>>> print(open('query_36.cif').read())   # mmCIF, C-alpha atoms and all ligand atoms
data_entry
loop_
_atom_site.label_atom_id
_atom_site.label_comp_id
_atom_site.auth_asym_id
_atom_site.auth_seq_id
_atom_site.Cartn_x
_atom_site.Cartn_y
_atom_site.Cartn_z
CA MET A 1483 48.97 -32.48 229.42
CA SER A 1484 52.11 -31.15 227.76
CA ALA A 1485 52.78 -27.59 226.64
CA LEU A 1486 53.06 -29.00 223.11
CA ASP A 1487 49.62 -30.62 222.93
CA ARG A 1488 48.01 -27.51 221.46
CA PHE A 1489 50.28 -27.53 218.40
CA SER A 1490 49.25 -29.43 215.30
CA ILE A 1491 51.31 -30.13 212.21
CA VAL A 1492 49.30 -29.91 208.97
CA LEU A 1493 50.70 -31.47 205.78
CA VAL A 1494 48.93 -30.28 202.63
CA GLY A 1495 48.80 -32.44 199.49
CA THR A 1496 51.79 -34.60 200.37
CA THR A 1497 52.80 -36.69 197.34
CA HIS A 1498 55.28 -39.13 198.87
CA PRO A 1499 53.88 -41.26 201.71
CA GLY A 1500 57.44 -41.74 202.99
CA ASN A 1501 57.50 -38.05 203.86
CA ILE A 1502 54.33 -38.43 205.92
CA GLY A 1503 55.95 -41.24 207.92
CA ALA A 1504 59.20 -39.30 208.33
CA ALA A 1505 57.25 -36.23 209.47
CA ALA A 1506 55.43 -38.32 212.10
CA ARG A 1507 58.78 -39.57 213.36
CA ALA A 1508 60.20 -36.03 213.41
CA MET A 1509 57.20 -34.91 215.47
CA LYS A 1510 57.33 -37.72 218.01
CA THR A 1511 61.05 -37.31 218.66
CA MET A 1512 60.26 -33.74 219.77
CA GLY A 1513 57.10 -34.56 221.74
CA LEU A 1514 54.48 -33.43 219.18
CA THR A 1515 51.54 -35.74 218.51
CA ARG A 1516 48.82 -33.96 216.54
CA LEU A 1517 49.15 -34.59 212.81
CA LYS A 1518 46.60 -33.47 210.20
CA LEU A 1519 46.74 -34.46 206.53
CA VAL A 1520 44.97 -32.53 203.78
CA ASN A 1521 44.37 -34.56 200.60
CA PRO A 1522 47.43 -36.82 200.85
CA ALA A 1523 48.15 -38.62 197.55
CA HIS A 1524 48.50 -42.00 199.31
CA PHE A 1525 47.34 -42.67 202.83
CA PRO A 1526 47.29 -44.99 204.73
CA SER A 1527 50.39 -46.47 203.20
CA ALA A 1528 52.90 -49.16 204.12
CA GLU A 1529 55.70 -46.81 203.17
CA ALA A 1530 54.46 -44.14 205.57
CA THR A 1531 54.26 -46.69 208.39
CA ALA A 1532 57.75 -48.00 207.61
CA ARG A 1533 59.29 -44.51 207.59
CA ALA A 1534 57.48 -43.59 210.80
CA SER A 1535 59.51 -46.29 212.56
CA GLY A 1536 58.19 -46.28 216.14
CA ALA A 1537 55.96 -43.25 215.52
CA ASP A 1538 53.11 -45.19 213.92
CA ASP A 1539 50.89 -44.14 216.86
CA VAL A 1540 51.09 -40.56 215.51
CA LEU A 1541 49.96 -41.86 212.11
CA ALA A 1542 47.20 -43.97 213.63
CA ARG A 1543 45.79 -40.90 215.39
CA CYS A 1544 46.18 -38.45 212.51
CA GLU A 1545 43.14 -36.80 210.95
CA VAL A 1546 42.55 -36.51 207.20
CA PHE A 1547 40.71 -33.54 205.61
CA ASP A 1548 39.49 -32.53 202.15
CA SER A 1549 40.66 -28.93 202.42
CA LEU A 1550 42.99 -26.76 204.46
CA ALA A 1551 39.98 -24.68 205.57
CA ASP A 1552 38.47 -27.82 207.14
CA ALA A 1553 41.74 -28.76 208.80
CA LEU A 1554 42.00 -25.27 210.32
CA ALA A 1555 38.36 -24.97 211.38
CA ASP A 1556 39.10 -25.10 215.13
CA VAL A 1557 42.54 -23.55 214.95
CA ARG A 1558 43.00 -20.02 216.26
CA TRP A 1559 46.41 -19.21 214.85
CA ALA A 1560 48.04 -20.81 211.81
CA VAL A 1561 51.49 -20.26 210.37
CA ALA A 1562 52.32 -21.18 206.76
CA THR A 1563 55.81 -22.54 206.19
CA THR A 1564 57.45 -21.53 202.96
CA ALA A 1565 60.86 -21.85 201.35
CA ARG A 1566 60.23 -18.73 199.31
CA ASP A 1567 60.73 -15.11 200.15
CA ARG A 1568 57.57 -14.09 198.29
CA GLU A 1569 55.24 -13.95 201.27
CA LEU A 1570 56.34 -10.45 202.23
CA GLN A 1571 52.90 -9.18 203.15
CA TRP A 1572 52.76 -11.57 206.12
CA PRO A 1573 54.56 -11.22 209.39
CA GLN A 1574 57.49 -13.60 208.92
CA TYR A 1575 59.07 -15.82 211.55
CA THR A 1576 62.06 -18.10 211.82
CA PRO A 1577 61.31 -21.39 213.64
CA ARG A 1578 62.82 -19.97 216.83
CA ARG A 1579 60.96 -16.66 216.69
CA PHE A 1580 57.75 -18.56 215.94
CA ALA A 1581 58.27 -20.83 218.96
CA GLU A 1582 59.05 -17.84 221.21
CA HIS A 1583 56.02 -15.96 219.90
CA SER A 1584 53.73 -18.95 220.46
CA PHE A 1585 54.73 -19.41 224.08
CA ALA A 1586 54.95 -15.72 224.96
CA GLU A 1587 52.05 -14.18 223.02
CA LEU A 1588 49.62 -17.03 222.34
CA PRO A 1589 49.29 -18.90 225.64
CA GLY A 1590 46.83 -21.78 225.53
CA VAL A 1591 45.90 -21.05 221.88
CA ASP A 1592 45.48 -23.91 219.39
CA VAL A 1593 48.23 -23.27 216.84
CA ALA A 1594 48.77 -25.06 213.51
CA VAL A 1595 51.97 -25.18 211.48
CA VAL A 1596 51.09 -25.75 207.82
CA PHE A 1597 53.46 -27.42 205.34
CA GLY A 1598 53.08 -27.47 201.56
CA ARG A 1599 53.43 -29.91 198.71
CA GLU A 1600 56.85 -31.28 197.80
CA SER A 1601 56.59 -29.91 194.27
CA SER A 1602 54.77 -26.62 194.64
CA GLY A 1603 54.43 -25.66 198.30
CA LEU A 1604 51.18 -23.91 199.33
CA SER A 1605 48.79 -22.07 197.01
CA ASN A 1606 48.02 -18.39 197.58
CA ASP A 1607 44.50 -19.30 198.72
CA GLU A 1608 46.00 -21.64 201.30
CA LEU A 1609 48.44 -18.96 202.45
CA ASN A 1610 45.52 -16.58 202.86
CA LEU A 1611 44.02 -18.89 205.50
CA CYS A 1612 47.11 -18.46 207.68
CA ASN A 1613 48.04 -15.65 210.06
CA ALA A 1614 51.76 -15.52 209.39
CA ALA A 1615 54.59 -17.11 207.42
CA LEU A 1616 57.54 -19.12 208.69
CA ARG A 1617 60.75 -19.47 206.72
CA ILE A 1618 63.68 -21.60 207.75
CA PRO A 1619 66.78 -19.54 206.97
CA ALA A 1620 68.75 -21.50 204.37
CA ASN A 1621 71.09 -21.18 201.41
CA PRO A 1622 69.51 -18.43 199.29
CA GLN A 1623 70.45 -20.37 196.15
CA TYR A 1624 68.98 -23.64 197.43
CA SER A 1625 66.48 -23.01 200.19
CA SER A 1626 63.95 -25.81 199.76
CA LEU A 1627 64.35 -28.47 202.46
CA ASN A 1628 62.85 -31.92 202.38
CA LEU A 1629 59.36 -31.72 203.89
CA ALA A 1630 60.05 -33.95 206.91
CA MET A 1631 63.33 -32.12 207.60
CA ALA A 1632 61.42 -28.85 207.70
CA VAL A 1633 58.93 -30.43 210.14
CA GLN A 1634 61.88 -31.61 212.26
CA LEU A 1635 63.38 -28.14 212.60
CA VAL A 1636 60.11 -26.48 213.56
CA ALA A 1637 59.28 -29.29 216.02
CA TYR A 1638 62.76 -29.00 217.54
CA GLU A 1639 62.38 -25.27 218.21
CA LEU A 1640 58.94 -25.81 219.72
CA SER A 1641 60.28 -28.50 222.03
CA GLN A 1642 63.30 -26.40 223.07
CA ASN A 1643 61.25 -23.31 223.82
CA ALA A 1644 58.32 -25.01 225.55
CA PRO A 1645 57.93 -23.90 229.16
CA THR A 1646 58.55 -26.67 231.67
CA GLN A 1647 55.98 -25.47 234.16
CA ALA A 1648 52.23 -25.76 233.55
CA ALA A 1649 50.96 -23.57 230.71
CA PRO A 1650 49.12 -20.38 231.73
CA PRO A 1651 45.34 -20.64 231.36
CA ALA A 1652 43.85 -19.79 227.99
CA SER A 1653 42.68 -16.19 227.61
CA VAL A 1654 39.05 -15.41 228.53
CA ASP A 1655 38.63 -13.75 225.15
CA PRO A 1656 40.48 -16.12 222.84
CA LEU A 1657 41.51 -15.44 219.28
CA ALA A 1658 38.68 -16.12 216.84
CA THR A 1659 38.68 -19.53 215.17
CA GLN A 1660 39.08 -19.80 211.41
CA ILE A 1661 35.36 -20.71 211.20
CA GLU A 1662 34.42 -17.47 212.99
CA LEU A 1663 36.72 -15.47 210.70
CA GLY A 1664 35.23 -17.20 207.65
CA ARG A 1665 31.73 -16.21 208.76
CA LEU A 1666 32.78 -12.61 209.38
CA ASN A 1667 34.34 -12.58 205.93
CA GLU A 1668 31.09 -13.77 204.34
CA HIS A 1669 29.08 -11.28 206.37
CA LEU A 1670 31.33 -8.38 205.33
CA LEU A 1671 31.07 -9.34 201.67
CA SER A 1672 27.29 -9.65 201.78
CA VAL A 1673 26.85 -6.23 203.43
CA MET A 1674 29.42 -4.68 201.08
CA ALA A 1675 27.38 -6.05 198.18
CA GLN A 1676 24.14 -4.83 199.74
CA VAL A 1677 25.38 -1.24 200.12
CA GLY A 1678 26.96 -1.26 196.67
CA TYR A 1679 30.61 -1.19 197.75
CA TYR A 1680 31.37 -4.55 196.17
CA ASP A 1681 30.10 -6.16 192.99
CA PRO A 1682 30.03 -9.97 193.37
CA GLU A 1683 30.24 -10.26 189.57
CA ARG A 1684 33.57 -8.43 189.57
CA PRO A 1685 35.28 -9.43 192.80
CA LYS A 1686 38.82 -8.52 191.63
CA MET A 1687 41.33 -8.56 194.46
CA LEU A 1688 38.93 -7.49 197.18
CA VAL A 1689 37.89 -10.97 198.30
CA LYS A 1690 41.49 -12.12 198.71
CA ARG A 1691 42.68 -8.95 200.38
CA LEU A 1692 39.80 -8.99 202.82
CA ARG A 1693 40.58 -12.58 203.86
CA ARG A 1694 44.23 -11.72 204.31
CA MET A 1695 43.40 -8.61 206.29
CA LEU A 1696 41.19 -10.60 208.68
CA ALA A 1697 43.85 -13.31 209.06
CA LYS A 1698 46.48 -10.72 209.98
CA ALA A 1699 44.31 -8.68 212.31
CA GLY A 1700 44.40 -11.11 215.23
CA LEU A 1701 40.72 -10.57 216.08
CA THR A 1702 39.28 -12.24 219.17
CA THR A 1703 35.95 -14.06 219.33
CA SER A 1704 34.25 -11.09 221.03
CA GLU A 1705 35.70 -8.61 218.51
CA VAL A 1706 34.27 -10.70 215.68
CA ARG A 1707 30.92 -10.58 217.48
CA ILE A 1708 31.07 -6.75 217.70
CA LEU A 1709 31.83 -6.40 213.99
CA ARG A 1710 29.08 -8.83 213.03
CA GLY A 1711 26.62 -6.97 215.27
CA LEU A 1712 27.52 -3.75 213.47
CA LEU A 1713 27.08 -5.43 210.08
CA THR A 1714 23.67 -6.78 211.06
CA ALA A 1715 22.61 -3.27 212.17
CA VAL A 1716 23.90 -1.66 208.95
CA SER A 1717 22.17 -4.27 206.89
CA ALA A 1718 18.83 -3.83 208.72
CA ARG A 1719 19.00 -0.03 208.42
CA ASN A 1720 19.79 -0.29 204.74
CA GLU A 1721 16.75 -2.49 204.14
CA SER A 1722 14.29 -0.35 206.09
N1 LIG B 1801 59.13 -26.15 195.60
C1 LIG B 1801 58.35 -25.77 196.74
C2 LIG B 1801 59.04 -26.18 198.00
C3 LIG B 1801 58.42 -27.37 198.55
S1 LIG B 1801 59.30 -28.05 199.87
C4 LIG B 1801 58.13 -24.28 196.75
O1 LIG B 1801 58.66 -23.63 195.92
O2 LIG B 1801 57.39 -23.77 197.60
C5 LIG B 1801 57.91 -28.72 200.74
C6 LIG B 1801 57.50 -27.96 201.96
O3 LIG B 1801 58.54 -28.02 202.95
C7 LIG B 1801 57.24 -26.48 201.76
O4 LIG B 1801 55.96 -26.22 201.24
C8 LIG B 1801 57.37 -25.99 203.20
O5 LIG B 1801 56.21 -26.32 203.91
C9 LIG B 1801 58.55 -26.85 203.71
N2 LIG B 1801 59.83 -26.18 203.53
C10 LIG B 1801 60.86 -26.55 202.74
N3 LIG B 1801 61.90 -25.68 202.85
C11 LIG B 1801 61.52 -24.74 203.72
C12 LIG B 1801 62.15 -23.56 204.27
N4 LIG B 1801 63.38 -23.17 203.92
N5 LIG B 1801 61.45 -22.85 205.16
C13 LIG B 1801 60.19 -23.20 205.54
N6 LIG B 1801 59.57 -24.29 205.05
C14 LIG B 1801 60.21 -25.05 204.17
#
>>> encode(input="query_36.cif", output="C-alpha cells")
Amino acid sequence: MSALDRFSIVLVGTTHPGNIGAAARAMKTMGLTRLKLVNPAHFPSAEATARASGADDVLARCEVFDSLADALADVRWAVATTARDRELQWPQYTPRRFAEHSFAELPGVDVAVVFGRESSGLSNDELNLCNAALRIPANPQYSSLNLAMAVQLVAYELSQNAPTQAAPPASVDPLATQIELGRLNEHLLSVMAQVGYYDPERPKMLVKRLRRMLAKAGLTTSEVRILRGLLTAVSARNES
C-alpha cells in the first residue's frame, strides 16, 4: 500500500483521447494509479492506449462515470484544478501547497484532483462539488497548460511530498463523503422550504451557495449526523 493510493485523478469531459493516455502516463511515472473519467468523448480509444505507452494498465483499471457527482461519491476531499483566477471564493492551492496540505492535514483521506475540459475547463456546478481550487502558477498572459501536463505537475508534487514511512491511520471521525454532504444539502433545503425560509419555485442563488458552503466547511461524518438530527427534530416539531 503506497501513500499515493488514496489519490485519484478525475478527468471531466476530455475531448482528445490522446490526452487521456498522456495523463495515464503522467500518473504512472509518479506512482499514481487511480484514474476516473467523467463522460469522455472517446473511450476506450487506440489513441489513448498509444499515448499511454507503458501505462495502459492505468487505463485498463480506470473507471468511467456519467457525472462528476458520481465520480466523487466516495471521495472525502476534492480539489478542482483551474487555469483561471476566477475561483476566488475557494481556498486556493498551488500543486505543492496542495500536496503538503494533503499529507499534513488529511491523513488517510480519499482525495480527488479534478481536471476540466480542454476547451472550457470545469463548469460552476462542477466547481461547487469540490472543496478547494488548485492553480498552477503560470504566465498570467498564457496560463492554460495542456491537460496531461497539468496532471504531470500535480502528480509530481504529490510524489515528492509523499511520506516514505507508513501513512498514519485514518481519523476515527473522517470527513463526510460527497454523498453524505449531498444528503445534508437536500435535507437542509427541504426543511428550509417547510419552514418558509426558501421557496423552491424561486431558488435564486441559495441552492448554489449552500452547496458551496457545505463543500468548504470540512464537515465530518458525525457532524453531518448532528445537523441532520437537528433538521429532523425541527421538521417534526414544525409538523406537530
Ligand atoms: N480554457 C480552459 C482551460 C482548459 S485547460 C479554461 O479556461 O478553463 C484543461 C484543464 O487543464 C483545465 O480545466 C485544468 O484542469 C487543467 N489546467 C490547465 N492549466 C492549468 C493551470 N495553470 N492550473 C491548474 N490547472 C490547469
>>> residues_near_ligand(input="query_36.cif", ligand="ligand LIG 1801 (chain B)", cutoff="7 Å", atoms="only C-alpha atoms and all ligand atoms", output="ChimeraX atom specification")
/A:1563-1566,1596-1604,1616-1620,1625-1629,1632
>>> atom_distance(input="query_36.cif", atom1="atom CA of Asn1667 of chain A", atom2="atom CA of Gly1711 of chain A")
13.4 Å
>>> residues_around(input="query_36.cif", residues="segment 1640-1647 of chain A", least_positions_apart="5", cutoff="7 Å", atoms="only C-alpha atoms", output="ChimeraX atom specification")
/A:1485,1512-1513,1581-1582,1585
>>> residues_around(input="query_36.cif", residues="Val1633 of chain A", least_positions_apart="6", cutoff="9 Å", atoms="only C-alpha atoms", output="PyMOL selection string")
chain A and resi 1491+1505-1506+1508-1509+1595+1597
>>> closest_residue(input="query_36.cif", among="A:Ala1594, A:Leu1670, A:Ala1534, A:Leu1493", to="Ser1549 of chain A", atoms="all atoms listed in the file")
A:Leu1493
>>> closest_residue(input="query_36.cif", among="A:Val1654, A:Leu1666, A:Leu1517, A:Val1540", to="Pro1589 of chain A", atoms="all atoms listed in the file")
A:Val1654
>>> closest_residue(input="query_36.cif", among="A:Phe1525, A:Ser1584, A:Tyr1575, A:Arg1507", to="Leu1486 of chain A", atoms="all atoms listed in the file")
A:Ser1584
>>> residues_around(input="query_36.cif", residues="segment 1656-1662 of chain A", least_positions_apart="5", cutoff="9 Å", atoms="all atoms listed in the file", output="list in words")
Ala1551, Asp1552, Leu1554, Ala1555, Asp1556, Val1557, Arg1558, Trp1559, Leu1588, Gly1590, Val1591, Leu1611, Cys1612, Asn1667, Ala1697, Gly1700, Leu1701, Thr1702, Thr1703, Ser1704, Glu1705, Val1706 and Arg1707 of chain A
>>> closest_residue(input="query_36.cif", among="A:Ser1490, A:Asp1592, A:Leu1514, A:Leu1663", to="Glu1545 of chain A", atoms="all atoms listed in the file")
A:Ser1490
>>> residues_near_point(input="query_36.cif", point="(26.9, -8.0, 202.1)", cutoff="10 Å", atoms="all atoms listed in the file", output="PDB file with C-alpha atoms, in the frame of the given file")
ATOM      1  CA  ASN A1667      34.340 -12.580 205.930  1.00  0.00           C
ATOM      2  CA  GLU A1668      31.090 -13.770 204.340  1.00  0.00           C
ATOM      3  CA  HIS A1669      29.080 -11.280 206.370  1.00  0.00           C
ATOM      4  CA  LEU A1670      31.330  -8.380 205.330  1.00  0.00           C
ATOM      5  CA  LEU A1671      31.070  -9.340 201.670  1.00  0.00           C
ATOM      6  CA  SER A1672      27.290  -9.650 201.780  1.00  0.00           C
ATOM      7  CA  VAL A1673      26.850  -6.230 203.430  1.00  0.00           C
ATOM      8  CA  MET A1674      29.420  -4.680 201.080  1.00  0.00           C
ATOM      9  CA  ALA A1675      27.380  -6.050 198.180  1.00  0.00           C
ATOM     10  CA  GLN A1676      24.140  -4.830 199.740  1.00  0.00           C
ATOM     11  CA  VAL A1677      25.380  -1.240 200.120  1.00  0.00           C
ATOM     12  CA  GLY A1678      26.960  -1.260 196.670  1.00  0.00           C
ATOM     13  CA  TYR A1679      30.610  -1.190 197.750  1.00  0.00           C
ATOM     14  CA  TYR A1680      31.370  -4.550 196.170  1.00  0.00           C
ATOM     15  CA  ASP A1681      30.100  -6.160 192.990  1.00  0.00           C
ATOM     16  CA  PRO A1682      30.030  -9.970 193.370  1.00  0.00           C
ATOM     17  CA  LEU A1713      27.080  -5.430 210.080  1.00  0.00           C
ATOM     18  CA  THR A1714      23.670  -6.780 211.060  1.00  0.00           C
ATOM     19  CA  VAL A1716      23.900  -1.660 208.950  1.00  0.00           C
ATOM     20  CA  SER A1717      22.170  -4.270 206.890  1.00  0.00           C
TER      21      SER A1717
END
>>> atom_distance(input="query_36.cif", atom1="atom CA of Val1636 of chain A", atom2="atom CA of Arg1693 of chain A")
25.9 Å
>>> atom_distance(input="query_36.cif", atom1="atom CA of Pro1577 of chain A", atom2="atom CA of Ala1537 of chain A")
22.6 Å
>>> closest_residue(input="query_36.cif", among="A:Ala1614, A:Asn1606, A:Arg1516, A:Gln1571", to="Cys1544 of chain A", atoms="all atoms listed in the file")
A:Arg1516
